[in-house]
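Read the structure below first, then the notes.
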Amino acid sequence: MNRIAQLVMAIVLLQATSVLAASADTHQSPAAGSGLFIAFAIAYLSRRRAIGGWLLYFYLQVYLSLLFSLFFVPQVISNLRPSNWDNALLYVMFFLSVVPVLVVELVEVSAATILLFRRSEANLNFLRWTLIALVVASIASIAIDLVWFKEDTGIVFDFITAFFAVIWAVYFRKARRVRAVFIDKNWVYDSQSKKRILTTEAV
């Protein structure tokens with residue numbers, strides 16, 4: 001949920017920071033590879049289920065992020081107290097950088113949960129728009145931090161949040177599984193595999 005939780009999630013499920021570091025340091029490759037292996041393993045082993053594959057990975061990320069974020073609530077509340085800031089303008093910029101992202105992420109959790117239990121095109125579209133809003137909020141947060149807090153290493157969390165937001169926004173727009181599970185409600189792994197084979201052969 002918050003930036004620290006996003007980093008923890010990236011390390012646990014994808015190790016996105018290790019992947020970035022691997023481009024500059026080849027000694028990081030084994031750690032990056034293990035994170036990617038975990039991600040692919042989750043998607044592959046659950047691929048036959050309706051809520052499986054990368055869709056399951058999405059829900060794991062959403063709920064584990066929420067769980068980890070609970071540990072950092074006191075820190076977030078403390079940072080949002082105006083009395084802890086000497087510069088009013090910096091406080092406003094920090095508020096605009098952090099709060100919109102946190103609010104949209106909370107909406108994301110709610111939208112994802114509603115969709116999980118009430119599968120409909122309307123609820124799917126609500127989650128899609130929420131993910132797009134998270135992309136916009138994350139990019140705005142990056143822009144603010146690059147101008148006002150560029151010395152803060154926390155900017156890494158902005159990029160991690162934006163990275164996941166973009167990936168999932170595209171996934172929920174393009175993935176066949178998403179439509180089959182939430183709109184058509186006819187997910188069958190074998191039939192979906194045949195469709196992919198036929199599409200490949202047609203091309």
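Please note that chains go A, B, ... in the order of the structure tokens, that every chain numbers its residues from 1, and that ligands are numbered from 1 in the order shown.
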Hey, what's within 10 Å of Ser141 of chain A if we count only C-alpha atoms and toss same-chain stuff fewer than 2 positions away? As a list in words, please? Met93, Phe94, Phe95, Leu96, Ser97, Val98, Val99, Pro100, Val101, Val135, Val136, Ala137, Ser138, Ile139, Ala143, Ile144, Asp145, Leu146, Ile155, Phe157, Asp158, Phe159, Thr161 and Ala162 of chain A
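Closest approach to Leu66 of chain A from the set A:Ile51, A:Val92, A:Leu102, A:Ala41 is made by A:Leu102, with distances taken over only C-alpha atoms.
In this structure, atom CA of Arg177 of chain A sits 19.3 Å away from atom CA of Ile132 of chain A.
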Any idea what's packed within 9 Å of Ile42 of chain A, counting only C-alpha atoms, ignoring anything in its chain fewer than 6 positions away? Could you give it as number ranges by chain? A: 52-54, 56-57
